[in-house]
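Asker: I'm passing along final.txt; it holds compact mmCIF, C-alpha atoms.
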```txt
# COMPACT_ATOMS: atom_id res chain seq x y z
CA MET A 1 -8.43 -6.62 60.99
CA THR A 2 -4.86 -7.14 61.88
CA VAL A 3 -2.96 -9.76 60.08
CA PHE A 4 -0.06 -11.27 61.84
CA SER A 5 3.05 -9.99 60.24
CA LEU A 6 6.68 -10.81 60.35
CA TYR A 7 9.61 -8.96 61.78
CA ASN A 8 8.90 -5.51 60.74
CA THR A 9 5.94 -3.67 59.91
CA ALA A 10 5.62 -0.21 58.98
CA ALA A 11 2.52 0.21 61.02
CA ASP A 12 2.31 3.80 59.93
CA SER A 13 1.96 2.77 56.36
CA ALA A 14 -0.75 0.26 56.97
CA PRO A 15 -4.08 1.06 55.40
CA PRO A 16 -6.85 2.16 57.71
CA GLY A 17 -8.16 -0.67 59.77
CA VAL A 18 -5.10 -2.77 59.30
CA GLY A 19 -3.05 -3.24 62.38
CA MET A 20 0.17 -5.11 62.53
CA ILE A 21 1.82 -7.12 65.14
CA ALA A 22 5.38 -6.66 64.41
CA LEU A 23 7.57 -3.66 64.69
CA GLY A 24 11.20 -4.04 64.13
CA ALA A 25 13.27 -4.71 61.11
CA GLY A 26 12.55 -7.10 58.36
CA VAL A 27 9.72 -8.42 56.36
CA THR A 28 6.18 -7.61 57.00
CA VAL A 29 2.93 -8.51 55.58
CA ALA A 30 -0.47 -7.35 56.36
CA SER A 31 -3.61 -7.83 54.49
CA VAL A 32 -7.29 -7.70 54.91
CA GLY A 33 -10.04 -9.71 53.46
CA ALA A 34 -9.76 -12.88 51.53
CA ALA A 35 -7.03 -15.24 52.45
CA SER A 36 -5.91 -15.29 48.88
CA ALA A 37 -4.92 -11.69 49.27
CA VAL A 38 -2.54 -12.46 52.06
CA SER A 39 1.06 -12.68 51.08
CA ILE A 40 3.43 -13.88 53.68
CA PRO A 41 6.93 -14.21 52.37
CA ALA A 42 8.67 -15.13 55.54
CA VAL A 43 6.56 -17.91 56.88
CA MET A 44 8.42 -20.16 59.22
CA THR A 45 8.07 -23.84 58.80
CA GLY A 46 9.06 -25.33 62.09
CA SER A 47 12.80 -25.49 62.04
CA ALA A 48 14.73 -23.67 64.70
CA VAL A 49 15.06 -19.97 64.11
CA ALA A 50 16.64 -17.40 66.34
CA VAL A 51 14.80 -14.15 66.49
CA HIS A 52 16.35 -11.44 68.58
CA GLY A 53 18.70 -13.99 69.99
CA ILE A 54 15.92 -16.19 71.24
CA PRO A 55 15.59 -19.61 69.69
CA VAL A 56 12.01 -20.26 68.79
CA MET A 57 10.05 -22.17 66.26
CA LYS A 58 8.69 -25.43 67.39
CA ASN A 59 5.90 -27.29 65.82
CA SER A 60 2.79 -26.09 67.52
CA ALA A 61 1.46 -29.56 67.98
CA ALA A 62 4.56 -30.36 69.93
CA ASN A 63 4.09 -27.19 71.91
CA LEU A 64 1.07 -28.66 73.51
CA ALA A 65 3.16 -31.25 75.26
CA ASN A 66 6.31 -29.35 75.93
CA GLN A 67 5.36 -26.80 78.51
CA THR A 68 7.62 -26.69 81.49
CA GLY A 69 6.86 -25.25 84.85
CA LYS A 70 3.41 -25.12 86.27
CA ALA A 71 0.45 -23.07 85.38
CA LYS A 72 -1.22 -21.97 88.57
CA THR A 73 -4.56 -21.46 86.92
CA ASP A 74 -6.30 -22.35 83.78
CA PRO A 75 -9.28 -20.09 83.76
CA GLY A 76 -9.56 -19.64 80.05
CA PRO A 77 -10.25 -16.42 78.26
CA GLU A 78 -13.55 -15.67 79.91
CA ASN A 79 -12.87 -11.96 79.85
CA THR A 80 -11.55 -11.90 76.36
CA PRO A 81 -14.00 -10.47 73.90
CA ALA A 82 -15.43 -12.79 71.36
CA PRO A 83 -13.84 -12.60 67.95
CA ALA A 84 -14.92 -9.65 65.95
CA ALA A 85 -17.34 -10.09 63.12
CA GLY A 86 -15.55 -11.67 60.26
CA ASP A 87 -12.91 -13.27 62.43
CA LYS A 88 -13.41 -16.94 62.49
CA ALA A 89 -11.81 -19.83 64.21
CA PRO A 90 -11.11 -22.74 61.93
CA ALA A 91 -13.37 -25.73 62.20
CA ASN A 92 -10.66 -28.27 61.75
CA ASP A 93 -7.51 -28.83 63.71
CA LYS A 94 -4.82 -28.61 61.11
CA LYS A 95 -3.01 -25.77 62.72
CA GLY A 96 -0.32 -27.91 64.24
CA SER A 97 1.05 -28.80 60.85
CA GLU A 98 1.04 -25.30 59.46
CA PRO A 99 3.73 -22.69 59.39
CA PHE A 100 4.08 -19.99 61.95
CA MET A 101 4.11 -16.27 62.11
CA VAL A 102 6.77 -14.63 64.21
CA THR A 103 6.70 -11.44 66.23
CA PRO A 104 9.81 -9.27 66.50
CA GLN A 105 10.45 -10.70 69.92
CA GLY A 106 10.19 -14.26 68.70
CA GLY A 107 6.65 -15.12 69.69
CA THR A 108 5.04 -17.45 67.21
CA LEU A 109 1.52 -18.19 66.10
CA PRO A 110 0.03 -20.32 63.37
CA LYS A 111 -0.47 -18.89 59.95
CA GLY A 112 -3.76 -17.13 59.51
CA THR A 113 -3.98 -15.71 62.96
CA VAL A 114 -5.04 -12.13 63.32
CA ILE A 115 -5.25 -9.61 66.10
CA ARG A 116 -8.65 -8.40 67.17
CA GLU A 117 -9.49 -5.29 65.25
CA ASN A 118 -9.96 -2.95 68.16
CA TYR A 119 -6.74 -3.93 69.88
CA VAL A 120 -3.74 -1.68 69.63
CA GLN A 121 -0.14 -2.58 70.23
CA ASN A 122 1.46 -1.83 73.56
CA PRO A 123 3.80 1.10 72.97
CA ASP A 124 6.32 -0.40 75.36
CA ARG A 125 6.27 -3.97 74.16
CA PRO A 126 5.81 -5.41 70.69
CA GLY A 127 3.67 -8.52 70.84
CA SER A 128 1.42 -7.10 73.54
CA TYR A 129 -2.04 -5.92 72.53
CA GLY A 130 -4.94 -4.34 74.28
CA GLU A 131 -7.10 -1.31 74.57
CA ARG A 132 -6.16 2.31 74.90
CA LEU A 133 -8.16 3.85 77.72
CA PRO A 134 -9.51 7.40 77.87
CA ASN A 135 -7.08 8.23 80.67
CA GLY A 136 -4.17 7.50 78.35
CA LYS A 137 -3.29 4.18 79.86
CA PHE A 138 -2.98 0.85 78.10
CA ASN A 139 -5.01 -2.15 79.21
CA GLU A 140 -3.27 -5.31 78.10
CA LYS A 141 -5.55 -8.06 76.80
CA LEU A 142 -3.16 -10.29 74.93
CA ARG A 143 0.57 -10.90 74.99
CA ILE A 144 2.56 -13.20 72.75
CA ASP A 145 5.81 -14.40 74.24
CA PRO A 146 8.69 -16.32 72.74
CA GLY A 147 9.82 -19.46 74.47
CA THR A 148 12.41 -19.07 77.16
CA PRO A 149 15.94 -19.82 76.01
CA SER A 150 17.20 -23.33 76.35
CA GLY A 151 18.58 -23.93 79.80
CA LYS A 152 16.39 -21.31 81.44
CA LYS A 153 13.42 -22.18 83.59
CA GLY A 154 10.15 -21.39 81.90
CA PRO A 155 8.09 -22.41 78.93
CA ASN A 156 10.65 -23.20 76.29
CA ASP A 157 8.04 -22.82 73.58
CA SER A 158 6.26 -19.80 72.27
CA HIS A 159 2.99 -19.07 73.98
CA PHE A 160 0.45 -16.37 74.62
CA HIS A 161 -1.33 -14.89 77.61
CA LEU A 162 -4.93 -13.70 77.73
CA ASP A 163 -6.38 -11.09 80.04
CA LYS A 164 -3.22 -10.64 82.09
CA LYS A 165 -3.36 -14.19 83.34
CA GLU A 166 -0.18 -16.09 83.95
CA GLU A 167 -1.16 -19.23 82.11
CA HIS A 168 1.18 -20.04 79.22
CA ILE A 169 -1.21 -20.93 76.44
CA MET A 170 0.38 -23.02 73.73
CA ASP A 171 -2.70 -24.58 72.22
CA PRO A 172 -3.48 -22.78 68.94
CA ASN A 173 -7.08 -23.88 69.29
CA ARG A 174 -7.41 -21.38 72.12
CA TRP A 175 -6.56 -18.51 69.78
CA SER A 176 -9.78 -16.72 68.93
CA TRP A 177 -8.99 -14.63 65.91
CA TRP A 178 -8.33 -15.95 62.44
CA LEU A 179 -8.55 -14.79 58.88
CA PRO A 180 -12.23 -14.74 57.99
CA THR A 181 -11.92 -16.82 54.85
CA ARG A 182 -10.14 -19.62 56.60
CA ASN A 183 -12.22 -22.78 56.30
CA SER A 184 -15.22 -20.75 55.34
CA LYS A 185 -16.20 -22.60 52.21
CA MET B 1 21.13 -20.58 94.12
CA ASN B 2 22.53 -19.23 90.89
CA PHE B 3 20.81 -16.04 89.80
CA ASN B 4 20.13 -17.48 86.36
CA ASP B 5 18.44 -20.54 87.83
CA PHE B 6 15.40 -18.78 89.22
CA TYR B 7 12.13 -19.19 87.35
CA TRP B 8 12.13 -15.63 86.13
CA HIS B 9 9.75 -15.85 83.19
CA ASP B 10 6.27 -14.69 84.22
CA SER B 11 7.18 -14.34 87.83
CA VAL B 12 5.85 -10.98 88.95
CA MET B 13 7.84 -8.13 90.42
CA LYS B 14 5.63 -6.71 93.13
CA SER B 15 7.86 -3.97 94.50
CA ILE B 16 11.30 -2.46 94.56
CA TYR B 17 12.75 -1.19 97.80
CA ILE B 18 15.84 0.97 97.94
CA ASP B 19 17.30 1.12 101.41
CA ARG B 20 19.01 4.44 102.08
CA THR B 21 19.18 4.20 105.85
CA ASN B 22 22.93 3.68 105.85
CA PRO B 23 24.15 4.86 102.46
CA GLY B 24 27.57 3.87 101.32
CA ASP B 25 28.04 1.37 104.08
CA ASN B 26 24.95 -0.59 103.34
CA ASP B 27 23.46 0.05 99.92
CA ILE B 28 20.66 -2.42 99.41
CA VAL B 29 18.10 -2.90 96.70
CA THR B 30 15.33 -5.42 97.31
CA LEU B 31 12.94 -6.85 94.76
CA HIS B 32 9.85 -8.56 96.04
CA ILE B 33 8.96 -11.33 93.62
CA ASP B 34 5.83 -13.45 93.33
CA TRP B 35 7.40 -16.50 91.75
CA TYR B 36 5.75 -18.52 89.07
CA ASP B 37 6.92 -21.79 90.58
CA LYS B 38 7.00 -21.10 94.30
CA PRO B 39 5.79 -18.68 96.99
CA GLN B 40 6.84 -15.07 97.12
CA SER B 41 10.26 -14.10 98.34
CA SER B 42 12.66 -11.19 98.21
CA ILE B 43 15.82 -10.91 96.19
CA VAL B 44 18.16 -8.68 98.16
CA PHE B 45 21.12 -7.13 96.36
CA ARG B 46 23.86 -6.19 98.77
CA ASP B 47 26.70 -3.72 98.37
CA VAL B 48 25.01 -2.20 95.40
CA PHE B 49 27.12 0.22 93.42
CA GLN B 50 24.69 1.13 90.69
CA LEU B 51 21.03 0.75 89.86
CA ASN B 52 19.85 1.63 86.40
CA ALA B 53 16.09 1.46 86.12
CA ARG B 54 14.32 2.26 82.91
CA MET B 55 10.76 1.55 83.82
CA ASN B 56 7.64 2.16 81.81
CA PHE B 57 4.33 2.66 83.57
CA GLY B 58 0.76 3.23 82.50
CA VAL B 59 0.34 -0.33 81.32
CA ILE B 60 -2.43 -2.14 83.14
CA ALA B 61 -0.91 -5.58 83.55
CA PRO B 62 1.15 -7.34 86.18
CA ALA B 63 4.85 -6.56 86.17
CA SER B 64 5.57 -9.96 84.70
CA ILE B 65 9.24 -10.65 84.26
CA ASP B 66 10.42 -11.67 80.85
CA ASP B 67 13.89 -12.72 81.93
CA GLY B 68 16.41 -12.36 84.70
CA TYR B 69 20.07 -13.10 84.35
CA MET B 70 23.55 -12.21 85.44
CA GLU B 71 25.82 -10.65 82.87
CA ALA B 72 29.37 -11.80 82.36
CA ASP B 73 31.74 -10.14 84.80
CA ASP B 74 33.48 -8.32 81.98
CA CYS B 75 30.25 -6.88 80.56
CA GLU B 76 30.07 -3.30 79.37
CA ASP B 77 28.17 -2.11 82.44
CA ILE B 78 30.92 -3.23 84.76
CA LYS B 79 33.67 -2.04 82.46
CA THR B 80 32.10 1.38 82.27
CA PHE B 81 31.56 1.47 85.99
CA ARG B 82 35.12 0.50 86.83
CA LYS B 83 36.44 3.05 84.37
CA LYS B 84 34.39 5.76 86.04
CA TRP B 85 35.84 4.84 89.43
CA ASN B 86 39.30 4.99 87.95
CA GLY B 87 40.67 1.87 89.56
CA LEU B 88 39.31 2.51 93.04
CA ASN B 89 37.36 -0.71 93.08
CA ASP B 90 39.18 -2.84 90.56
CA ASN B 91 40.02 -5.29 93.32
CA ILE B 92 36.46 -6.05 94.33
CA ILE B 93 34.15 -8.53 92.69
CA LEU B 94 31.14 -6.99 91.01
CA HIS B 95 28.26 -8.56 89.21
CA CYS B 96 25.68 -7.07 86.90
CA TYR B 97 22.18 -8.43 87.40
CA VAL B 98 19.51 -7.76 84.81
CA ILE B 99 15.74 -7.99 85.13
CA LYS B 100 13.52 -7.37 82.11
CA THR B 101 9.77 -7.21 82.23
CA SER B 102 7.30 -8.32 79.61
CA SER B 103 4.29 -6.04 79.42
CA THR B 104 6.05 -2.80 80.25
CA GLY B 105 9.31 -3.48 78.47
CA SER B 106 11.16 -2.27 81.54
CA GLU B 107 14.72 -3.09 82.43
CA LEU B 108 16.63 -3.02 85.68
CA ARG B 109 20.40 -3.33 85.69
CA ILE B 110 21.99 -3.67 89.09
CA ILE B 111 25.71 -3.69 89.77
CA ALA B 112 26.25 -5.26 93.15
CA GLN B 113 28.66 -7.49 94.95
CA SER B 114 26.13 -10.18 95.77
CA PHE B 115 22.50 -11.11 96.08
CA GLU B 116 20.55 -13.24 98.46
CA GLU B 117 17.07 -14.69 98.44
CA ILE B 118 15.14 -14.01 101.62
CA LEU B 119 12.06 -16.19 102.13
```
Turn the structure described in the file into structure tokens.
Answerer:
Amino acid sequence: MTVFSLYNTAADSAPPGVGMIALGAGVTVASVGAASAVSIPAVMTGSAVAVHGIPVMKNSAANLANQTGKAKTDPGPENTPAPAAGDKAPANDKKGSEPFMVTPQGGTLPKGTVIRENYVQNPDRPGSYGERLPNGKFNEKLRIDPGTPSGKKGPNDSHFHLDKKEEHIMDPNRWSWWLPTRNSK
Amino acid sequence: MNFNDFYWHDSVMKSIYIDRTNPGDNDIVTLHIDWYDKPQSSIVFRDVFQLNARMNFGVIAPASIDDGYMEADDCEDIKTFRKKWNGLNDNIILHCYVIKTSSTGSELRIIAQSFEEIL
């Protein structure tokens, strides 16, 4: 299972089975298993933060209402594989009040999110995940984007894309993969 | 329309066309864009002096654009270019246009005198 990590991850040093989102420079955390084992020292709490020059960090609840521009389609992740065994979506809807994780490029997700175990990171773009194909190509399944800078047209809040679709998804409830112990009492 | 005012993010670059039918006199680079907020059109760069394209392939995903913008006129690209030409074109206006893609992490940097959107 991949635990969302911050700024920089030494992916090479991760234990087997542990993937990491971030590659860059800075703090990283990855862990597997119980939530109590997860240590995330650089959790963002909603105030504005510039990562790689891009201002990000909005409260995710606010994200739901702040999308600009139009989404041509809203097909949902019908082609996205179901969460892997052990990954679990939370039953409640407290995510909007929780801190975020941040990719090197400034994409944000709620705390506790993970990347599907069999996804690998796009070698050309941190924050993009998918499957490595036998022919050596990379099939993108998920991409986490930072919000567009203020004053630029686009979604000014962090969002993610599923299955190459153009929809800017800002609703954390549409994220499929979470730490397994989350809300699993 | 100002180059920076287009809805670049998640618009898709469908093709790049480099016109070499009349080189020197008419150096044109055309990007065909499927816009996120409107129908497709072409962005035509005229009087191009330099095209730097670092493009990654092998990623199965649309060539979604992360950002497009025009650099300041005194940016390093233009400074370097003018230095290379040793004053020959110091009196002409040049702009540096940048397109970056999301899934492939590609980057185009175009030094041209102007651009135009062709519907």
Asker: Would you work out the distance separating CA of Val114 in chain A from CA of Arg132 in chain A, expressed in Å to one decimal?
Answerer: 18.5 Å
Asker: Wanna dump the chain B-chain A contacts at 8 Å for me, each residue with its shortest atom pair and the distance in Å to one decimal, counting all atoms listed in the file, ordered by chain and number, as CSV?
Answerer:
```
residue,atom,partner,partner_atom,distance
B:Asn4,CA,A:Lys152,CA,7.3
B:Asp5,CA,A:Lys152,CA,6.8
B:Phe6,CA,A:Lys153,CA,6.9
B:Tyr7,CA,A:Lys153,CA,5.0
B:Trp8,CA,A:Lys153,CA,7.1
B:His9,CA,A:Gly154,CA,5.7
B:Asp10,CA,A:Glu166,CA,6.6
B:Tyr36,CA,A:Lys70,CA,7.5
B:Asp37,CA,A:Lys70,CA,6.5
B:Asn56,CA,A:Asp124,CA,7.1
B:Gly58,CA,A:Lys137,CA,4.9
B:Val59,CA,A:Phe138,CA,4.8
B:Ile60,CA,A:Asn139,CA,4.7
B:Ala61,CA,A:Lys164,CA,5.8
B:Pro62,CA,A:Lys164,CA,6.8
B:Ser102,CA,A:Arg125,CA,7.0
B:Ser103,CA,A:Arg125,CA,6.0
B:Thr104,CA,A:Asp124,CA,5.5
B:Gly105,CA,A:Arg125,CA,5.3
```
Asker: What is the distance between CA of Lys84 in chain B and CA of Asp67 in chain B, in Å to one decimal?
Answerer: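 Atom-to-atom, CA of Lys84 in chain B to CA of Asp67 in chain B, that is 27.9 Å.
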Asker: Using all atoms listed in the file, which of the listed residues (B:Phe45, B:Asn26, B:Leu119, B:Ala63) sits closest to Tyr97 in chain B?
Answerer: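 Result for the nearest residue to Tyr97 in chain B: B:Phe45.
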Asker: Give, as JSON, the centre coordinates and the x, y and z edge lengths in Å to one decimal for an axis-aligned box around all listed atoms of range 109-118 of chain B, padded by 8 Å on each side.
Answerer:
```
{"center_x": 21.9, "center_y": -9.0, "center_z": 93.7, "size_x": 29.5, "size_y": 27.4, "size_z": 31.9}
```
Asker: Just how far from CA of Phe49 in chain B is CA of Asp25 in chain B, in Å to one decimal?
Answerer: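 So the answer is 10.8 Å.
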Asker: With distances taken over only C-alpha atoms, which of B:Thr80, B:Thr101, B:Ser64, B:Thr30 is nearest to Asp47 in chain B?
Answerer: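 Checking each candidate against Asp47 in chain B, we get B:Thr30 as the closest.
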Asker: Can you pull out the residues contacting Ile33 in chain B? Cut-off 6 Å, using all atoms listed in the file, and skip same-chain residues under 4 positions away; I want them as a list in words.
Answerer: Val12, Met13, Lys14, Gln40, Ser41 and Ser42 of chain B
